[in-house]
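Here is the file start_14.tsv (TSV, C-alpha atoms and all ligand atoms).
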chain	number	residue	atom	x	y	z
A	1	MET	CA	-98.48	-49.05	-50.92
A	2	LEU	CA	-99.17	-49.38	-47.17
A	3	ILE	CA	-97.37	-46.98	-44.81
A	4	LEU	CA	-97.40	-47.17	-41.02
A	5	GLY	CA	-97.20	-43.63	-39.63
A	6	ILE	CA	-96.19	-42.52	-36.14
A	7	GLU	CA	-96.93	-39.16	-34.50
A	8	SER	CA	-95.67	-38.00	-31.09
A	9	THR	CA	-94.77	-34.33	-31.52
A	10	CYS	CA	-96.87	-32.91	-28.66
A	11	ASP	CA	-99.71	-34.44	-26.64
A	12	GLU	CA	-101.13	-37.13	-28.91
A	13	THR	CA	-99.54	-40.55	-29.26
A	14	ALA	CA	-100.75	-41.85	-32.59
A	15	CYS	CA	-100.20	-44.60	-35.14
A	16	ALA	CA	-102.02	-45.17	-38.42
A	17	ILE	CA	-101.82	-47.26	-41.55
A	18	VAL	CA	-102.63	-45.48	-44.81
A	19	GLU	CA	-102.86	-46.94	-48.30
A	20	ASN	CA	-101.54	-44.91	-51.24
A	21	GLY	CA	-101.41	-41.66	-49.31
A	22	THR	CA	-105.15	-41.13	-48.87
A	23	ARG	CA	-107.00	-44.26	-47.72
A	24	VAL	CA	-106.93	-44.64	-43.95
A	25	VAL	CA	-106.95	-48.33	-43.01
A	26	CYS	CA	-106.78	-47.57	-39.28
A	27	ASN	CA	-106.06	-44.52	-37.20
A	28	VAL	CA	-105.39	-44.90	-33.47
A	29	ILE	CA	-104.89	-41.87	-31.21
A	30	TYR	CA	-104.17	-41.79	-27.51
A	31	SER	CA	-104.89	-38.24	-26.39
A	32	GLN	CA	-103.19	-36.97	-23.23
A	33	ILE	CA	-105.85	-34.28	-22.70
A	34	ALA	CA	-107.05	-35.79	-19.39
A	35	GLU	CA	-103.50	-35.47	-18.05
A	36	HIS	CA	-102.93	-31.90	-19.27
A	37	ILE	CA	-106.31	-30.63	-17.99
A	38	LYS	CA	-104.75	-30.80	-14.50
A	39	THR	CA	-102.16	-28.15	-15.41
A	40	GLY	CA	-104.23	-26.22	-17.96
A	41	GLY	CA	-101.65	-26.92	-20.69
A	42	VAL	CA	-98.92	-29.29	-21.85
A	43	VAL	CA	-95.94	-29.80	-19.53
A	44	PRO	CA	-93.26	-31.21	-21.90
A	45	GLU	CA	-91.72	-33.63	-19.40
A	46	VAL	CA	-95.14	-35.04	-18.49
A	47	ALA	CA	-96.06	-35.35	-22.18
A	48	SER	CA	-92.90	-37.29	-23.09
A	49	ARG	CA	-93.41	-39.72	-20.18
A	50	LYS	CA	-97.00	-40.31	-21.32
A	51	HIS	CA	-95.74	-41.06	-24.85
A	52	ILE	CA	-93.38	-43.69	-23.42
A	53	GLU	CA	-96.32	-45.39	-21.68
A	54	ALA	CA	-98.66	-45.15	-24.66
A	55	ILE	CA	-96.59	-45.81	-27.77
A	56	ILE	CA	-96.43	-49.63	-27.62
A	57	PRO	CA	-100.14	-50.12	-26.71
A	58	VAL	CA	-101.12	-47.68	-29.51
A	59	LEU	CA	-98.89	-49.51	-32.00
A	60	LYS	CA	-100.29	-52.91	-30.97
A	61	GLU	CA	-103.86	-51.63	-31.29
A	62	THR	CA	-103.11	-50.25	-34.76
A	63	LEU	CA	-101.68	-53.57	-35.94
A	64	ALA	CA	-104.61	-55.47	-34.40
A	65	GLN	CA	-107.17	-53.23	-36.12
A	66	ALA	CA	-105.33	-53.61	-39.43
A	67	GLU	CA	-105.25	-57.40	-39.07
A	68	LYS	CA	-109.03	-57.42	-38.61
A	69	LYS	CA	-109.23	-55.68	-41.99
A	70	GLY	CA	-106.99	-58.30	-43.60
A	71	ILE	CA	-103.76	-56.29	-43.44
A	72	LYS	CA	-100.99	-58.36	-41.85
A	73	ARG	CA	-97.82	-56.68	-40.60
A	74	ASP	CA	-95.67	-58.22	-43.36
A	75	MET	CA	-97.81	-56.32	-45.88
A	76	ILE	CA	-96.58	-52.94	-44.57
A	77	ASP	CA	-94.20	-51.32	-47.07
A	78	ALA	CA	-92.65	-48.46	-45.10
A	79	ILE	CA	-92.55	-46.65	-41.75
A	80	ALA	CA	-93.18	-42.89	-41.50
A	81	VAL	CA	-92.57	-40.64	-38.52
A	82	ALA	CA	-93.09	-36.98	-37.64
A	83	ARG	CA	-89.52	-35.82	-37.10
A	84	ASN	CA	-89.95	-32.07	-36.51
A	85	PRO	CA	-91.06	-29.62	-35.18
A	86	GLY	CA	-92.24	-30.62	-31.73
A	87	LEU	CA	-91.24	-31.10	-28.11
A	88	LEU	CA	-87.88	-32.84	-28.17
A	89	GLY	CA	-88.60	-35.44	-25.46
A	90	CYS	CA	-91.87	-36.31	-27.23
A	91	LEU	CA	-90.27	-36.51	-30.67
A	92	LEU	CA	-87.62	-38.90	-29.38
A	93	VAL	CA	-90.25	-41.46	-28.36
A	94	GLY	CA	-91.87	-41.60	-31.81
A	95	ASN	CA	-88.59	-41.43	-33.70
A	96	ASN	CA	-86.91	-44.16	-31.65
A	97	THR	CA	-89.94	-46.40	-32.11
A	98	ALA	CA	-89.98	-45.76	-35.86
A	99	THR	CA	-86.25	-46.41	-36.14
A	100	ALA	CA	-86.58	-49.69	-34.20
A	101	LEU	CA	-89.46	-50.82	-36.43
A	102	SER	CA	-87.59	-49.88	-39.60
A	103	LEU	CA	-84.49	-51.80	-38.56
A	104	SER	CA	-86.29	-54.86	-37.23
A	105	MET	CA	-88.80	-55.13	-40.12
A	106	ASN	CA	-86.18	-54.10	-42.69
A	107	LEU	CA	-88.40	-51.36	-44.09
A	108	PRO	CA	-87.68	-47.88	-45.44
A	109	LEU	CA	-88.03	-45.12	-42.86
A	110	ILE	CA	-89.52	-41.83	-44.07
A	111	PRO	CA	-89.18	-38.89	-41.65
A	112	VAL	CA	-91.60	-36.04	-42.36
A	113	ASN	CA	-92.37	-32.57	-41.12
A	114	HIS	CA	-95.35	-32.42	-38.77
A	115	ILE	CA	-96.74	-29.20	-40.29
A	116	GLU	CA	-96.48	-30.71	-43.75
A	117	GLY	CA	-98.61	-33.53	-42.34
A	118	HIS	CA	-101.38	-31.04	-41.53
A	119	LEU	CA	-101.21	-29.79	-45.14
A	120	TYR	CA	-102.20	-33.27	-46.36
A	121	ALA	CA	-105.04	-33.87	-43.88
A	122	SER	CA	-107.82	-32.66	-46.22
A	123	TRP	CA	-107.23	-35.64	-48.53
A	124	LEU	CA	-107.59	-38.35	-45.91
A	125	THR	CA	-110.60	-40.65	-46.08
A	126	GLU	CA	-111.55	-43.98	-44.59
A	127	ASP	CA	-114.20	-44.66	-47.24
A	128	GLY	CA	-113.66	-47.70	-49.44
A	129	GLY	CA	-115.03	-48.73	-52.84
A	130	GLN	CA	-116.19	-46.19	-55.40
A	131	ALA	CA	-116.01	-43.24	-52.99
A	132	ALA	CA	-112.34	-44.01	-52.34
A	133	ALA	CA	-111.57	-44.35	-56.05
A	134	GLU	CA	-113.07	-40.92	-56.68
A	135	PHE	CA	-111.14	-39.58	-53.72
A	136	ASP	CA	-107.83	-40.94	-55.09
A	137	GLU	CA	-108.53	-39.39	-58.45
A	138	ASP	CA	-109.26	-36.08	-56.76
A	139	PHE	CA	-106.02	-36.33	-54.81
A	140	GLU	CA	-103.87	-37.21	-57.80
A	141	SER	CA	-105.37	-34.45	-59.88
A	142	ALA	CA	-105.12	-31.92	-57.01
A	143	LYS	CA	-105.47	-28.51	-58.48
A	144	PHE	CA	-102.30	-26.59	-57.74
A	145	PRO	CA	-101.48	-24.05	-56.54
A	146	ILE	CA	-103.33	-24.62	-53.28
A	147	LEU	CA	-103.41	-21.94	-50.61
A	148	ILE	CA	-103.40	-23.57	-47.18
A	149	LEU	CA	-103.89	-21.97	-43.80
A	150	THR	CA	-102.67	-24.36	-41.13
A	151	VAL	CA	-103.53	-23.32	-37.58
A	152	SER	CA	-102.79	-25.33	-34.47
A	153	GLY	CA	-101.61	-24.89	-30.92
A	154	GLY	CA	-97.97	-24.93	-31.98
A	155	HIS	CA	-98.06	-23.37	-35.43
A	156	ASN	CA	-99.90	-20.81	-37.56
A	157	ASN	CA	-98.75	-20.76	-41.20
A	158	LEU	CA	-100.04	-19.54	-44.52
A	159	VAL	CA	-98.54	-21.76	-47.20
A	160	LEU	CA	-98.77	-21.80	-50.98
A	161	MET	CA	-98.49	-25.44	-52.09
A	162	LYS	CA	-97.26	-25.41	-55.67
A	163	ASN	CA	-97.08	-29.18	-56.05
A	164	HIS	CA	-96.63	-32.22	-53.84
A	165	GLY	CA	-93.68	-31.33	-51.61
A	166	VAL	CA	-93.19	-27.85	-53.12
A	167	TYR	CA	-94.15	-25.00	-50.78
A	168	GLU	CA	-93.80	-21.29	-50.34
A	169	LEU	CA	-94.27	-19.98	-46.82
A	170	LEU	CA	-96.24	-16.75	-47.21
A	171	GLY	CA	-96.73	-15.90	-43.56
A	172	GLU	CA	-96.60	-17.17	-40.01
A	173	THR	CA	-97.31	-15.98	-36.51
A	174	LEU	CA	-94.93	-13.51	-34.93
A	175	ASP	CA	-95.90	-14.62	-31.42
A	176	ASP	CA	-98.72	-16.97	-30.39
A	177	SER	CA	-100.57	-19.24	-32.79
A	178	ALA	CA	-104.36	-18.95	-32.92
A	179	GLY	CA	-104.69	-22.30	-31.09
A	180	GLU	CA	-102.40	-21.10	-28.33
A	181	ALA	CA	-104.49	-17.92	-28.02
A	182	PHE	CA	-107.65	-20.08	-27.69
A	183	ASP	CA	-105.93	-22.19	-25.00
A	184	LYS	CA	-104.58	-19.24	-23.02
A	185	VAL	CA	-107.80	-17.19	-23.16
A	186	ALA	CA	-109.82	-20.26	-22.08
A	187	ARG	CA	-107.49	-20.65	-19.11
A	188	MET	CA	-108.00	-16.98	-18.14
A	189	MET	CA	-111.76	-17.58	-18.25
A	190	GLY	CA	-111.45	-20.68	-16.07
A	191	LEU	CA	-112.44	-23.04	-18.90
A	192	SER	CA	-110.89	-26.45	-19.50
A	193	TYR	CA	-107.99	-27.45	-21.77
A	194	PRO	CA	-107.94	-27.53	-24.78
A	195	GLY	CA	-109.37	-24.06	-25.02
A	196	GLY	CA	-110.60	-24.11	-28.64
A	197	PRO	CA	-113.47	-26.57	-28.19
A	198	ALA	CA	-114.35	-25.09	-24.76
A	199	ILE	CA	-114.65	-21.56	-26.20
A	200	GLN	CA	-116.51	-22.79	-29.28
A	201	ASN	CA	-119.08	-24.65	-27.14
A	202	LEU	CA	-119.74	-21.73	-24.80
A	203	ALA	CA	-120.04	-19.30	-27.74
A	204	LYS	CA	-122.36	-21.67	-29.60
A	205	ASP	CA	-124.67	-22.86	-26.83
A	206	GLY	CA	-124.16	-20.47	-23.91
A	207	ASN	CA	-124.27	-22.23	-20.55
A	208	THR	CA	-127.62	-23.98	-20.57
A	209	GLU	CA	-127.11	-25.22	-16.99
A	210	ASN	CA	-127.15	-21.61	-15.81
A	211	GLY	CA	-129.68	-20.52	-18.38
A	212	PHE	CA	-127.19	-18.35	-20.31
A	213	LYS	CA	-128.05	-18.04	-23.97
A	214	LYS	CA	-125.61	-18.41	-26.84
A	215	GLY	CA	-122.96	-15.78	-27.27
A	216	ASP	CA	-123.31	-12.56	-29.24
A	217	GLU	CA	-120.17	-11.91	-31.28
A	218	LYS	CA	-120.84	-8.15	-31.27
A	219	ALA	CA	-121.13	-7.87	-27.48
A	220	PHE	CA	-117.47	-6.99	-26.88
A	221	LYS	CA	-115.40	-4.82	-29.16
A	222	LEU	CA	-111.95	-6.34	-29.53
A	223	PRO	CA	-108.94	-5.00	-31.47
A	224	LYS	CA	-108.37	-6.44	-34.94
A	225	PRO	CA	-104.83	-7.88	-34.81
A	226	MET	CA	-102.22	-6.43	-37.23
A	227	SER	CA	-104.77	-4.32	-39.10
A	228	LYS	CA	-103.13	-0.95	-38.58
A	229	ASN	CA	-99.41	-1.49	-38.15
A	230	GLU	CA	-96.47	-2.20	-40.46
A	231	HIS	CA	-97.71	-5.80	-40.80
A	232	SER	CA	-101.16	-4.86	-42.08
A	233	SER	CA	-100.23	-5.69	-45.67
A	234	ASP	CA	-98.14	-8.83	-45.08
A	235	PHE	CA	-99.39	-12.33	-44.32
A	236	ASN	CA	-98.05	-12.66	-40.80
A	237	TYR	CA	-100.21	-13.11	-37.74
A	238	SER	CA	-100.03	-11.97	-34.12
A	239	PHE	CA	-102.47	-12.76	-31.36
A	240	SER	CA	-100.73	-11.46	-28.24
A	241	GLY	CA	-102.49	-8.03	-28.38
A	242	LEU	CA	-105.89	-9.68	-28.69
A	243	LYS	CA	-105.08	-11.95	-25.75
A	244	THR	CA	-104.13	-8.93	-23.63
A	245	ALA	CA	-107.37	-7.15	-24.60
A	246	VAL	CA	-109.40	-10.16	-23.44
A	247	ARG	CA	-107.42	-10.29	-20.19
A	248	THR	CA	-108.23	-6.61	-19.53
A	249	ILE	CA	-111.96	-7.29	-20.10
A	250	ILE	CA	-111.85	-10.31	-17.77
A	251	ILE	CA	-110.25	-8.23	-14.99
A	252	LYS	CA	-112.88	-5.51	-15.51
A	253	LEU	CA	-115.77	-8.01	-15.44
A	254	LYS	CA	-114.48	-9.62	-12.24
A	255	GLU	CA	-114.16	-6.19	-10.62
A	256	GLU	CA	-117.69	-5.28	-11.78
A	257	ALA	CA	-119.01	-8.54	-10.30
A	258	ARG	CA	-117.28	-7.85	-6.96
A	259	ILE	CA	-118.75	-4.34	-6.77
A	260	LYS	CA	-122.27	-5.59	-7.67
A	261	PHE	CA	-122.22	-8.48	-5.19
A	262	PRO	CA	-119.65	-7.53	-2.50
A	263	ASN	CA	-120.82	-10.16	-0.01
A	264	TYR	CA	-122.04	-12.86	-2.36
A	265	GLU	CA	-119.17	-14.73	-3.93
A	266	ALA	CA	-121.44	-17.24	-5.67
A	267	GLU	CA	-123.60	-14.47	-7.15
A	268	ALA	CA	-120.49	-12.59	-8.32
A	269	ALA	CA	-119.20	-15.75	-10.01
A	270	LYS	CA	-122.59	-16.29	-11.66
A	271	TYR	CA	-122.59	-12.70	-12.94
A	272	PHE	CA	-119.06	-13.17	-14.37
A	273	ASN	CA	-119.96	-16.53	-15.95
A	274	SER	CA	-123.06	-15.01	-17.55
A	275	LYS	CA	-120.78	-12.73	-19.59
A	276	LEU	CA	-118.59	-15.55	-20.89
A	277	PRO	CA	-120.73	-16.78	-23.83
A	278	ASP	CA	-120.65	-13.23	-25.30
A	279	LEU	CA	-116.94	-12.84	-24.63
A	280	CYS	CA	-116.20	-16.26	-26.16
A	281	ALA	CA	-118.26	-15.45	-29.26
A	282	SER	CA	-116.57	-12.03	-29.67
A	283	PHE	CA	-113.08	-13.53	-29.26
A	284	GLU	CA	-113.77	-16.47	-31.57
A	285	HIS	CA	-115.26	-14.18	-34.21
A	286	THR	CA	-112.28	-11.77	-34.07
A	287	ILE	CA	-109.76	-14.60	-34.47
A	288	CYS	CA	-111.66	-16.15	-37.39
A	289	GLU	CA	-112.06	-12.78	-39.09
A	290	ASN	CA	-108.34	-12.12	-38.75
A	291	LEU	CA	-107.29	-15.56	-40.02
A	292	LEU	CA	-109.58	-15.22	-43.00
A	293	SER	CA	-108.74	-11.63	-43.89
A	294	LYS	CA	-105.10	-12.59	-44.51
A	295	LEU	CA	-106.19	-15.72	-46.36
A	296	GLU	CA	-108.45	-13.65	-48.59
A	297	LYS	CA	-105.71	-11.10	-49.25
A	298	ALA	CA	-103.25	-13.86	-50.16
A	299	SER	CA	-105.79	-15.51	-52.46
A	300	LEU	CA	-106.15	-12.32	-54.49
A	301	ILE	CA	-102.41	-12.30	-55.12
A	302	CYS	CA	-101.77	-16.02	-55.60
A	303	ASN	CA	-104.90	-17.01	-57.55
A	304	PRO	CA	-105.09	-20.50	-56.04
A	305	LYS	CA	-107.26	-23.22	-57.57
A	306	GLU	CA	-108.06	-24.58	-54.12
A	307	ILE	CA	-108.06	-23.17	-50.58
A	308	HIS	CA	-107.69	-25.49	-47.58
A	309	ILE	CA	-107.63	-24.94	-43.85
A	310	ALA	CA	-105.93	-27.48	-41.60
A	311	GLY	CA	-104.64	-28.06	-38.06
A	312	GLY	CA	-106.52	-28.23	-34.75
A	313	VAL	CA	-108.22	-24.83	-35.16
A	314	SER	CA	-109.67	-25.89	-38.54
A	315	ALA	CA	-112.12	-28.01	-36.50
A	316	ASN	CA	-113.73	-24.74	-35.44
A	317	LEU	CA	-117.27	-24.55	-36.81
A	318	ARG	CA	-117.41	-20.75	-36.94
A	319	LEU	CA	-114.15	-20.70	-38.92
A	320	ARG	CA	-115.54	-23.25	-41.37
A	321	SER	CA	-118.76	-21.38	-41.96
A	322	MET	CA	-117.01	-17.99	-42.27
A	323	LEU	CA	-114.54	-19.58	-44.72
A	324	GLU	CA	-117.41	-20.89	-46.88
A	325	LYS	CA	-119.06	-17.47	-46.82
A	326	THR	CA	-115.86	-15.53	-47.60
A	327	PHE	CA	-115.11	-17.55	-50.73
A	328	SER	CA	-118.66	-18.46	-51.78
A	329	ASN	CA	-118.54	-16.44	-55.00
A	330	SER	CA	-114.87	-16.90	-55.80
A	331	GLY	CA	-115.03	-20.11	-57.84
A	332	VAL	CA	-112.19	-21.51	-55.77
A	333	ILE	CA	-112.59	-25.04	-54.36
A	334	ILE	CA	-112.71	-24.98	-50.55
A	335	LYS	CA	-111.62	-27.98	-48.49
A	336	TYR	CA	-111.04	-28.82	-44.85
A	337	PRO	CA	-110.17	-32.10	-43.15
A	338	LYS	CA	-112.69	-34.38	-41.50
A	339	ILE	CA	-112.83	-33.40	-37.81
A	340	ALA	CA	-110.79	-36.49	-36.82
A	341	TYR	CA	-107.88	-35.35	-39.01
A	342	CYS	CA	-107.79	-31.68	-37.91
A	343	THR	CA	-105.94	-32.30	-34.66
A	344	ASP	CA	-102.70	-34.29	-34.50
A	345	ASN	CA	-102.84	-37.77	-35.97
A	346	ALA	CA	-100.50	-40.24	-37.66
A	347	ALA	CA	-102.56	-40.74	-40.82
A	348	MET	CA	-101.48	-37.32	-42.12
A	349	ILE	CA	-97.84	-38.29	-41.46
A	350	ALA	CA	-98.21	-41.50	-43.50
A	351	SER	CA	-99.90	-39.48	-46.26
A	352	VAL	CA	-96.98	-37.07	-46.72
A	353	ALA	CA	-94.54	-39.99	-46.56
A	354	TYR	CA	-96.24	-41.69	-49.51
A	355	PHE	CA	-95.59	-38.68	-51.76
A	356	ARG	CA	-92.04	-38.29	-50.50
A	357	TYR	CA	-91.39	-41.97	-51.16
A	358	ILE	CA	-92.88	-42.33	-54.64
A	359	LYS	CA	-90.89	-39.30	-55.81
A	360	ASN	CA	-87.59	-40.82	-54.77
A	361	PRO	CA	-87.73	-44.39	-53.35
A	362	ALA	CA	-83.94	-44.84	-53.47
A	363	LYS	CA	-83.45	-41.98	-51.02
A	364	TYR	CA	-85.14	-43.90	-48.25
A	365	GLN	CA	-83.57	-47.34	-48.68
A	366	SER	CA	-80.36	-46.41	-46.91
A	367	ASN	CA	-81.89	-44.06	-44.35
A	368	ARG	CA	-83.14	-46.20	-41.47
A	369	ILE	CA	-82.51	-43.89	-38.52
A	370	SER	CA	-84.50	-40.77	-37.68
A	371	ILE	CA	-83.08	-38.30	-35.18
A	372	PRO	CA	-85.15	-35.19	-34.43
A	373	SER	CA	-83.30	-31.95	-34.90
A	374	VAL	CA	-83.40	-29.32	-32.17
A	375	GLU	CA	-83.65	-26.62	-34.83
A	376	LYS	CA	-87.02	-25.43	-36.13
A	377	ASP	CA	-87.55	-26.40	-39.74
A	378	LEU	CA	-90.39	-26.36	-42.25
B	1	LIG	O1	-103.10	-29.64	-34.45
B	1	LIG	P1	-103.22	-29.76	-32.99
B	1	LIG	O2	-103.84	-31.02	-32.43
B	1	LIG	O3	-101.82	-29.64	-32.26
B	1	LIG	C1	-100.72	-28.89	-32.66
B	1	LIG	O4	-100.06	-29.30	-33.64
B	1	LIG	O5	-100.51	-27.85	-32.00
B	1	LIG	O6	-104.02	-28.48	-32.47
B	1	LIG	C2	-104.38	-28.28	-31.15
B	1	LIG	C3	-104.99	-26.89	-31.04
B	1	LIG	C4	-105.30	-26.48	-29.60
B	1	LIG	O7	-104.75	-25.20	-29.39
B	1	LIG	C5	-106.82	-26.46	-29.55
B	1	LIG	O8	-107.34	-25.50	-28.64
B	1	LIG	C6	-107.18	-26.12	-30.97
B	1	LIG	O9	-106.23	-26.83	-31.76
B	1	LIG	N1	-108.54	-26.58	-31.32
B	1	LIG	C7	-109.54	-25.73	-31.62
B	1	LIG	C8	-110.70	-26.53	-31.81
B	1	LIG	N2	-110.34	-27.85	-31.64
B	1	LIG	C9	-109.01	-27.85	-31.34
B	1	LIG	N3	-109.56	-24.39	-31.72
B	1	LIG	C10	-110.74	-23.81	-32.03
B	1	LIG	N4	-111.89	-24.51	-32.20
B	1	LIG	C11	-111.92	-25.85	-32.12
B	1	LIG	N5	-113.06	-26.52	-32.31
B	2	ZN	ZN	-100.19	-30.31	-35.17
I need this file expressed as structure tokens, please.
Amino acid sequence: MLILGIESTCDETACAIVENGTRVVCNVIYSQIAEHIKTGGVVPEVASRKHIEAIIPVLKETLAQAEKKGIKRDMIDAIAVARNPGLLGCLLVGNNTATALSLSMNLPLIPVNHIEGHLYASWLTEDGGQAAAEFDEDFESAKFPILILTVSGGHNNLVLMKNHGVYELLGETLDDSAGEAFDKVARMMGLSYPGGPAIQNLAKDGNTENGFKKGDEKAFKLPKPMSKNEHSSDFNYSFSGLKTAVRTIIIKLKEEARIKFPNYEAEAAKYFNSKLPDLCASFEHTICENLLSKLEKASLICNPKEIHIAGGVSANLRLRSMLEKTFSNSGVIIKYPKIAYCTDNAAMIASVAYFRYIKNPAKYQSNRISIPSVEKDL
């Protein structure tokens, strides 16, 4: 079954065609990052206007790529779209496009939850032949329950997946998501948007241009979020205190630089910048440690057969290596998506849709309009 997926919840305009829920035929993403760098974050009105400009070219490119692989548009069996949660103006662009395609091509329309999309990203592959067959088998025989930590700019959830489409939400963030904390802290440091990759790169390599070596994660002592309050034993997250602690350090470092080099602005800036690799490493390490400590605690209670991480922050290399280390002797299977499927994409949307559809095809025959709800839902 071939499903055309559409994603437009935040700042990526994306279309993809996926076969049988796992095999990515083509995956086209127009990222608005260049636009949002100017403001250091996503301005919803700007994002929705960019989606309007991009959606048709992205759709055309997806269909053209599919045609090169022998998939003609009349071979597509259904349309999927990320309906919620997201920025309303952005959602409307994807949902109106999906509705128009469904009506004009006379195809079922399958609206799905964006966060649920992230939960399916670890199963996506573009490999064909034997590798794909093994992958499908792996997917169909997925070992439930699966404990999944999904961490992005807009969401931060710990989910127990009991079967396809059956979830228990164990915990979520009470304020910022980890991705949002990365973005905001990067902005405070004067780094570019999105903050996650910028912080990771500075922590990993230092600033070779200035001769600064890679960051030391022990250089700055930062508070461990939610470790000593009434939430220490639940599975919720909070990153606002950590963000404030980093802000205080940044103010102190800038003051220190000014006192050291009162008449040399460039020298003061260099001094401040020389501290950033260490601060980035300390911040990144603290966030990863916190994300994983709750995941570890939940795994002891839920006894999952598999543990996955997903969402934009799951692209983080430190998080991946700390995850491997944390569960190395546990016997639990660890999975994370290919880097291309960590951040927002439409392949994950088409993947969820496949499992929704095969469970209950009749449900989608009469539903050809998708209207995003203004209420948050999971
Ligand atoms: O899943 P995603 O594309 O969008 C949402 O659904 O929110 O995630 C974007 C988030 C951003 O906050 C970005 O800073 C973060 O993922 N991110 C990373 C990395 N790559 C992206 N965070 C840490 N390390 C990375 N390598
Ligand atoms: Zn997302």
> By how many Å are atom CA of Ser102 of chain A and atom CA of Arg368 of chain A apart?
Replying inline: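 Taking atom CA of Ser102 of chain A as the start and atom CA of Arg368 of chain A as the end point, the length is 6.1 Å.
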> Between atom CA of Leu300 of chain A and atom CA of Lys143 of chain A, what is the spacing in Å?
Replying inline: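 Interatomic distance here is 16.7 Å.
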> Counting only C-alpha atoms and all ligand atoms, which protein, DNA or RNA residues come within 10 Å of ligand ZN 2 (chain B), given as a VMD selection string?
Replying inline: chain A and resid 7 to 12 85 to 86 114 to 118 150 to 156 310 to 313 341 to 345 348
> Skipping near chain neighbours, those fewer than 3 positions away, what residues fall within 9 Å of segment 270-276 of chain A using only C-alpha atoms, listed as a PyMOL selection string?
Replying inline: chain A and resi 189+199+202-203+206-207+210-213+215+250+253-254+256-257+260-261+265-267+279-281
> Contacts of Val93 of chain A at 8 Å or less, counting all atoms listed in the file, minus same-chain residues fewer than 4 places along, as a PyMOL selection string?
Replying inline: chain A and resi 8+48+51-52+55+89+97
Hey, can you spit out that residue selection with C-alpha atoms as a PDB file, in the coordinates of the input?
ATOM      1  CA  SER A   8     -95.670 -38.000 -31.090  1.00  0.00           C
ATOM      2  CA  SER A  48     -92.900 -37.290 -23.090  1.00  0.00           C
ATOM      3  CA  HIS A  51     -95.740 -41.060 -24.850  1.00  0.00           C
ATOM      4  CA  ILE A  52     -93.380 -43.690 -23.420  1.00  0.00           C
ATOM      5  CA  ILE A  55     -96.590 -45.810 -27.770  1.00  0.00           C
ATOM      6  CA  GLY A  89     -88.600 -35.440 -25.460  1.00  0.00           C
ATOM      7  CA  THR A  97     -89.940 -46.400 -32.110  1.00  0.00           C
TER       8      THR A  97
END
>> One number please: atom CA of Ser104 of chain A to atom CA of Ile349 of chain A, in Å, one decimal.
In response: 20.6 Å
